[in-house]
Every structure is written in structure tokens, then in C-alpha cells.
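Peer 1: entry-v7.tsv is the file, holding TSV, C-alpha atoms:
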```tsv
chain	number	residue	atom	x	y	z
A	22	MET	CA	92.60	47.45	120.96
A	23	THR	CA	90.79	46.18	117.90
A	24	ASP	CA	92.16	46.63	114.40
A	25	PHE	CA	89.63	49.34	113.82
A	26	GLU	CA	90.72	51.31	116.86
A	27	LYS	CA	94.35	50.96	115.81
A	28	GLN	CA	93.57	52.30	112.36
A	29	LEU	CA	91.61	55.17	113.84
A	30	ALA	CA	94.47	56.13	116.14
A	31	GLU	CA	96.88	55.95	113.23
A	32	MET	CA	94.68	58.19	111.11
A	33	GLN	CA	94.33	60.67	113.93
A	34	ALA	CA	98.10	60.84	114.29
A	35	GLN	CA	98.49	61.39	110.56
A	36	LEU	CA	95.87	64.10	110.57
A	37	GLU	CA	97.63	65.84	113.42
A	38	ALA	CA	100.95	65.67	111.55
A	39	LEU	CA	99.32	67.09	108.41
A	40	ARG	CA	97.73	69.85	110.38
A	41	LYS	CA	101.12	70.86	111.71
A	42	GLN	CA	102.49	71.07	108.18
A	43	ALA	CA	99.67	73.17	106.78
A	44	PRO	CA	100.78	76.74	106.21
A	45	SER	CA	99.18	79.58	108.13
A	46	ASN	CA	97.37	82.44	106.50
A	47	LYS	CA	100.63	84.36	106.34
A	48	LEU	CA	102.73	86.24	103.79
A	49	SER	CA	106.52	86.33	103.91
A	50	ILE	CA	108.36	88.83	101.76
A	51	ILE	CA	112.09	89.03	101.28
A	52	ALA	CA	112.76	92.73	100.72
A	53	PHE	CA	116.10	92.41	98.98
A	54	SER	CA	115.97	95.56	96.87
A	55	GLY	CA	116.78	99.02	98.13
A	56	ASP	CA	115.03	100.66	95.19
A	57	LEU	CA	112.13	102.97	95.89
A	58	ASP	CA	109.77	101.35	93.41
A	59	LYS	CA	110.45	97.80	94.52
A	60	ALA	CA	110.27	98.65	98.22
A	61	LEU	CA	106.97	100.40	97.52
A	62	ALA	CA	105.62	97.24	95.90
A	63	ALA	CA	106.77	95.19	98.90
A	64	PHE	CA	105.02	97.51	101.37
A	65	ILE	CA	101.82	97.67	99.31
A	66	ILE	CA	101.63	93.88	99.23
A	67	ALA	CA	102.45	93.50	102.93
A	68	THR	CA	99.89	96.05	104.09
A	69	GLY	CA	97.34	94.73	101.60
A	70	ALA	CA	97.84	91.25	103.02
A	71	VAL	CA	96.93	92.44	106.50
A	72	ALA	CA	93.78	94.04	105.06
A	73	MET	CA	92.94	90.62	103.60
A	74	GLY	CA	93.16	89.15	107.06
A	75	MET	CA	96.66	87.67	106.74
A	76	ASP	CA	99.72	88.03	108.92
A	77	ALA	CA	102.60	89.68	107.10
A	78	ILE	CA	106.31	89.57	107.72
A	79	MET	CA	109.03	91.34	105.76
A	80	PHE	CA	112.64	90.20	105.77
A	81	PHE	CA	115.00	93.00	104.88
A	82	THR	CA	118.27	91.76	103.52
A	83	PHE	CA	121.15	93.05	101.45
A	84	TRP	CA	120.23	96.28	99.63
A	85	GLY	CA	116.93	96.38	101.48
A	86	THR	CA	118.72	96.73	104.83
A	87	PRO	CA	119.76	100.41	104.54
A	88	LEU	CA	116.09	101.40	104.08
A	89	LEU	CA	115.65	100.68	107.76
A	90	ARG	CA	118.38	103.02	108.92
A	91	ASP	CA	117.14	106.00	110.88
A	92	LYS	CA	118.28	109.19	109.20
A	93	ASN	CA	118.50	110.93	112.57
A	94	LYS	CA	120.67	108.32	114.21
A	95	SER	CA	124.31	107.47	113.82
A	96	ALA	CA	126.69	104.89	115.18
A	97	GLY	CA	130.37	105.22	115.99
A	98	GLY	CA	133.21	102.74	116.08
A	99	LYS	CA	133.04	101.73	112.41
A	100	ASP	CA	135.99	100.63	110.33
A	101	THR	CA	136.88	102.26	107.00
A	102	MET	CA	134.69	99.95	104.94
A	103	GLY	CA	131.78	100.39	107.32
A	104	LYS	CA	132.15	104.15	107.10
A	105	MET	CA	132.27	103.97	103.32
A	106	PHE	CA	129.16	101.81	103.07
A	107	GLY	CA	127.47	104.07	105.57
A	108	ARG	CA	128.10	107.09	103.39
A	109	MET	CA	127.28	105.50	100.04
A	110	LEU	CA	124.09	103.64	100.90
A	111	PRO	CA	120.76	105.33	101.51
A	112	LYS	CA	120.11	106.38	105.07
A	113	GLY	CA	116.49	105.42	105.40
A	114	THR	CA	113.56	105.37	103.02
A	115	THR	CA	113.79	109.05	102.05
A	116	GLN	CA	117.07	108.50	100.23
A	117	THR	CA	115.94	105.70	97.94
A	118	LYS	CA	116.02	105.93	94.16
A	119	LEU	CA	113.98	104.44	91.35
A	120	SER	CA	115.34	101.24	89.82
A	121	GLN	CA	114.74	102.73	86.38
A	122	MET	CA	114.58	106.26	85.01
A	123	ASN	CA	116.40	107.73	87.98
A	124	MET	CA	118.19	110.15	85.64
A	125	GLY	CA	120.61	111.46	88.21
A	126	GLY	CA	117.84	111.88	90.76
A	127	MET	CA	115.55	113.87	88.48
A	128	GLY	CA	113.34	110.91	87.67
A	129	THR	CA	113.04	109.99	91.34
A	130	ALA	CA	112.11	113.56	92.28
A	131	MET	CA	109.49	113.63	89.55
A	132	MET	CA	108.05	110.30	90.63
A	133	LYS	CA	107.87	111.47	94.25
A	134	SER	CA	105.99	114.63	93.33
A	135	LEU	CA	103.68	112.61	91.10
A	136	MET	CA	103.03	110.18	93.93
A	137	LYS	CA	102.13	113.07	96.19
A	138	LYS	CA	99.79	114.53	93.58
A	139	LYS	CA	98.08	111.20	93.10
A	140	ASN	CA	97.84	110.53	96.83
A	141	VAL	CA	100.09	107.47	96.64
A	142	ALA	CA	101.57	106.90	100.06
A	143	SER	CA	105.33	107.39	100.43
A	144	LEU	CA	107.66	104.75	101.83
A	145	GLU	CA	107.71	106.74	105.08
A	146	ASP	CA	103.90	106.60	105.25
A	147	PHE	CA	104.01	102.89	104.49
A	148	LEU	CA	106.44	102.20	107.31
A	149	LYS	CA	104.06	103.91	109.73
A	150	LEU	CA	101.06	102.09	108.26
A	151	ALA	CA	102.90	98.76	108.46
A	152	GLU	CA	103.61	99.36	112.14
A	153	GLU	CA	99.98	100.28	112.73
A	154	LEU	CA	98.90	97.06	110.99
A	155	GLU	CA	101.42	95.00	112.97
A	156	VAL	CA	103.46	93.92	109.98
A	157	ARG	CA	106.52	92.26	111.43
A	158	ILE	CA	109.93	93.31	110.15
A	159	PHE	CA	112.99	91.13	110.33
A	160	ILE	CA	116.46	92.47	109.56
A	161	CYS	CA	119.23	90.24	108.29
A	162	GLU	CA	122.16	90.32	110.71
A	163	MET	CA	124.61	89.20	108.07
A	164	SER	CA	123.79	92.15	105.80
A	165	MET	CA	124.08	94.51	108.76
A	166	ASP	CA	127.45	93.10	109.63
A	167	LEU	CA	128.64	93.14	106.02
A	168	MET	CA	127.71	96.77	105.53
A	169	GLY	CA	128.88	97.78	108.97
A	170	PHE	CA	125.46	98.84	110.26
A	171	LYS	CA	124.85	98.83	113.99
A	172	ARG	CA	121.56	98.22	115.73
A	173	GLU	CA	121.64	101.66	117.33
A	174	GLU	CA	121.35	103.36	113.93
A	175	MET	CA	118.28	101.42	112.80
A	176	ILE	CA	114.71	102.72	112.98
A	177	ASP	CA	112.45	102.36	115.99
A	178	TYR	CA	109.77	99.92	114.95
A	179	LYS	CA	107.52	98.07	117.33
A	180	TYR	CA	107.69	94.70	115.58
A	181	LEU	CA	111.35	94.59	114.65
A	182	THR	CA	113.64	91.61	115.12
A	183	TYR	CA	117.10	90.70	113.95
A	184	GLY	CA	118.10	87.32	112.69
A	185	GLY	CA	119.29	85.06	109.94
A	186	VAL	CA	118.21	82.61	107.32
A	187	ALA	CA	116.79	80.08	109.77
A	188	GLY	CA	114.50	82.71	111.20
A	189	PHE	CA	113.22	83.49	107.73
A	190	LEU	CA	112.80	79.88	106.69
A	191	GLU	CA	110.88	79.03	109.82
A	192	GLU	CA	108.38	81.77	108.94
A	193	ALA	CA	108.39	81.05	105.20
A	194	GLN	CA	107.74	77.36	105.76
A	195	ASP	CA	104.64	78.29	107.65
A	196	SER	CA	103.47	80.93	105.10
A	197	ARG	CA	100.95	80.41	102.37
A	198	ILE	CA	102.64	83.06	100.20
A	199	GLN	CA	106.33	83.83	99.87
A	200	MET	CA	107.87	86.55	97.76
A	201	PHE	CA	111.27	87.87	96.87
A	202	ILE	CA	111.33	91.52	95.87
B	19	MET	CA	70.12	105.72	96.32
B	20	SER	CA	69.55	102.37	97.91
B	21	ASP	CA	66.60	102.97	100.16
B	22	ASP	CA	66.30	99.32	101.04
B	23	ILE	CA	69.77	99.14	102.57
B	24	LYS	CA	70.31	100.45	106.07
B	25	VAL	CA	73.81	101.90	106.14
B	26	GLU	CA	75.46	102.07	109.53
B	27	LYS	CA	78.54	103.99	108.47
B	28	ILE	CA	79.81	105.74	105.37
B	29	MET	CA	83.49	105.65	104.50
B	30	ASP	CA	84.76	108.29	102.11
B	31	LEU	CA	87.75	106.76	100.32
B	32	LYS	CA	87.59	109.00	97.28
B	33	GLY	CA	90.94	109.94	95.83
B	34	LEU	CA	92.79	107.18	97.64
B	35	PRO	CA	94.78	104.79	95.46
B	36	CYS	CA	95.69	101.16	96.08
B	37	PRO	CA	96.07	99.69	98.70
B	38	MET	CA	94.43	102.32	100.90
B	39	PRO	CA	90.74	101.69	100.12
B	40	VAL	CA	91.03	98.05	101.10
B	41	VAL	CA	93.30	98.73	104.08
B	42	LYS	CA	90.88	101.34	105.44
B	43	VAL	CA	87.78	99.26	104.82
B	44	SER	CA	89.31	96.26	106.57
B	45	LYS	CA	89.74	98.47	109.64
B	46	GLY	CA	86.44	100.32	109.24
B	47	ILE	CA	84.30	97.21	109.02
B	48	LYS	CA	85.42	96.21	112.50
B	49	GLU	CA	83.80	99.35	113.86
B	50	VAL	CA	80.29	98.10	113.11
B	51	GLU	CA	78.53	95.05	114.48
B	52	VAL	CA	78.24	91.76	112.61
B	53	GLY	CA	75.20	92.01	110.34
B	54	GLN	CA	75.48	95.77	109.91
B	55	ILE	CA	76.34	97.43	106.61
B	56	ILE	CA	78.91	100.04	105.67
B	57	GLU	CA	78.98	102.08	102.50
B	58	ALA	CA	82.46	102.55	101.06
B	59	GLN	CA	82.91	105.20	98.39
B	60	SER	CA	85.95	104.81	96.17
B	61	THR	CA	87.24	106.48	93.03
B	62	ASP	CA	89.99	103.91	92.46
B	63	PRO	CA	88.97	101.86	89.39
B	64	GLY	CA	90.97	98.93	90.79
B	65	SER	CA	88.45	98.78	93.63
B	66	LEU	CA	86.03	97.02	91.31
B	67	THR	CA	88.19	93.91	91.44
B	68	ASP	CA	89.84	94.58	94.80
B	69	PHE	CA	86.76	94.93	96.96
B	70	PRO	CA	85.14	91.66	95.83
B	71	ALA	CA	88.50	89.89	96.28
B	72	TRP	CA	88.88	91.38	99.72
B	73	ALA	CA	85.33	90.41	100.65
B	74	ARG	CA	85.78	86.81	99.49
B	75	THR	CA	89.05	86.46	101.39
B	76	SER	CA	87.98	88.16	104.58
B	77	GLY	CA	84.57	86.50	104.54
B	78	ASN	CA	82.51	89.69	104.39
B	79	GLU	CA	79.68	90.23	101.93
B	80	ILE	CA	79.19	92.92	99.32
B	81	VAL	CA	75.43	93.23	99.13
B	82	LYS	CA	75.38	95.85	96.42
B	83	THR	CA	77.70	97.83	94.15
B	84	GLU	CA	76.68	101.12	92.61
B	85	GLN	CA	78.61	103.26	90.21
B	86	ASP	CA	77.83	106.81	89.24
B	87	ASP	CA	80.38	108.81	87.30
B	88	ASP	CA	83.73	108.19	88.94
B	89	VAL	CA	82.44	107.13	92.32
B	90	ILE	CA	81.96	103.47	93.08
B	91	LYS	CA	79.85	102.64	96.12
B	92	PHE	CA	80.15	99.31	97.84
B	93	PHE	CA	77.60	98.24	100.41
B	94	ILE	CA	79.38	95.77	102.56
B	95	LYS	CA	77.82	93.65	105.26
B	96	ARG	CA	80.04	92.61	108.11
B	97	THR	CA	79.60	88.88	108.35
B	98	VAL	CA	82.64	87.90	110.42
```
Would you put the structure from the file into C-alpha cells?
Peer 2:
Amino acid sequence: MTDFEKQLAEMQAQLEALRKQAPSNKLSIIAFSGDLDKALAAFIIATGAVAMGMDAIMFFTFWGTPLLRDKNKSAGGKDTMGKMFGRMLPKGTTQTKLSQMNMGGMGTAMMKSLMKKKNVASLEDFLKLAEELEVRIFICEMSMDLMGFKREEMIDYKYLTYGGVAGFLEEAQDSRIQMFI
Amino acid sequence: MSDDIKVEKIMDLKGLPCPMPVVKVSKGIKEVEVGQIIEAQSTDPGSLTDFPAWARTSGNEIVKTEQDDDVIKFFIKRTV
């Protein structure tokens, strides 16, 4: 091999390594908040990203986790704390509240009726739309465990997986855009 | 009207707020062939910035934008 060939091979190897590091056209959102308004923003951005030709993945953690409970499902065998969390946290998207101006539920009810009037999709609509658009959803196991949620009480969603921080970071590392909402 | 533009498909997105116009158009454009044109009608004022941004990102081309009263019409050529 001549020096030139060696250099060429070296450059090719470097290019290959760089290519592997380049992020994909993907959006990763950490959906941390369980508030209606913030979850709405997260869903709008995720579905919008798919429209822009990107892949989108949403990681539901902490207060975001109860949004993915199915209101028609329940799970037994919970301890006292699990039962308490189960009762106090929203059971699915319909029970979310505004982060501001909730006013004992009045503000949230007003916002929901306004959204309907102005044709703004509800969180329930957005979940369906996200599934249609193949937005992947990832639920944090640790939050589930902490709050005593079981897999059998979570929503049916075609692109749903459970996991932890490594799962998120693997996706985030490979995403052009990352958000925390 | 734009007599010079042959529209393959008209999408009525009037009354739909963000992000629906863009979400629907991104699906609708796949229903025509590359090179064909769709006409998207929106009443969302945000569309005026959103549609060009969507077109630039997705690689499609807005050949013409018309606005009368509240309705904005985008003539979009599928290029990818």
C-alpha cells in the first residue's frame, strides 16, 4: 500500500465513524409534565414533527406517566401507597388539569370547551393521531414502579415500549432535536 | 383563480388550527403523483409561515400562494 492509499483508507474510516455519529432526522421529547397544556404542546410538536418528515418518540416519565393510564382498566395487588397514588393521580388524558388558571377545575373546563369551539384537538384525539402517525411512546419503568402503576392498566397503543434512561439516551443521542416538557 | 395551475386535488382545511393543516397536507400530498399539484385551503393565519417551513423541510414546492379574505390557498407541487 502506498502512502496515498493508506491516507485514503484512514479518511474512509473516519468518514464512516462520523456518519455513525450524525443524528437522524428524529425528535425525542421527554413528556415529564402531567398538565393538560404542557402535554398538549408535547403532542402538537410530536405530530408536527412527523408531518415535517421526522421520526418522533415521546418518553413519558414522572407526572407524564399517569396520562397513559387507561381509564377503563384497573390493576389489583397494589400496596397502600400504590392505591393512594392510583386514586390521586389522573387516570388518563381526560383527567388532566391546566398548569395555570385551573381554578378548582373551572378554568380547565372552560379551556376544554374553548378548545372544542376552536377545533383544537383534545389530548385524546392527539393520542389517536400520534398512533396513526406512528409516533413511538416510551414509558419510564421507574416512574411506573414508584407510583405503583402496572402494565395492565396502561393504554393500548401500537408503538408502546417500557424502559429506562438508557433507552431514552440511545434515542436522544441519535435525535436531531431533543425536548423536555 | 389560477387558470395556469392544474390542480390534482383540493384539500379543505378551513377551520383547522395548528398542527392539523400541516399534518393533513403531509398525508394528502402522498396521494398524488410526484409532479402533480394539490391546492390546500387554510384559515389558520399560522399557515403562512408553517406551510413554507413544511415545504422546505419535506422538500416539496409551494408554487403559488393566494389569499382572499380569511382563506389562504397554497398550491403545492409534490416533488419528493
Peer 1: Which residue out of B:Arg96, B:Val89, B:Leu34, B:Ile55 has the minimum interatomic distance to Asp22 of chain B when all atoms listed in the file are used?
Peer 2: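 Ranked by minimum distance to Asp22 of chain B, first place goes to B:Ile55.
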Peer 1: Work out how far atom CA of Met136 of chain A is from atom CA of Ile78 of chain A, in Å to one decimal.
Peer 2: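 If I compute the distance from atom CA of Ile78 of chain A to atom CA of Met136 of chain A, I get 25.0 Å.
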Peer 1: How far is it from atom CA of Met38 of chain B to atom CA of Tyr178 of chain A, in Å with one decimal?
Peer 2: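 We find that atom CA of Met38 of chain B and atom CA of Tyr178 of chain A lie 20.9 Å from each other.
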Peer 1: Could you give me, as CSV, a per-residue list for chain B showing, wherever an atom lies at most 6 Å from an atom of chain A, the closest pair of atoms and their distance in Å to one decimal, using only C-alpha atoms and sorting by chain then residue number from low to high?
Peer 2:
```
residue,atom,partner,partner_atom,distance
B:Pro37,CA,A:Gly69,CA,5.9
B:Val41,CA,A:Ala72,CA,4.8
B:Ser44,CA,A:Ala72,CA,5.2
B:Trp72,CA,A:Met73,CA,5.7
B:Ser76,CA,A:Met73,CA,5.6
```
Peer 1: Can you measure atom CA of Lys118 of chain A to atom CA of Thr101 of chain A for me? One decimal in Å is fine.
Peer 2: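 Answer for the atom CA of Lys118 of chain A to atom CA of Thr101 of chain A separation: 24.8 Å.
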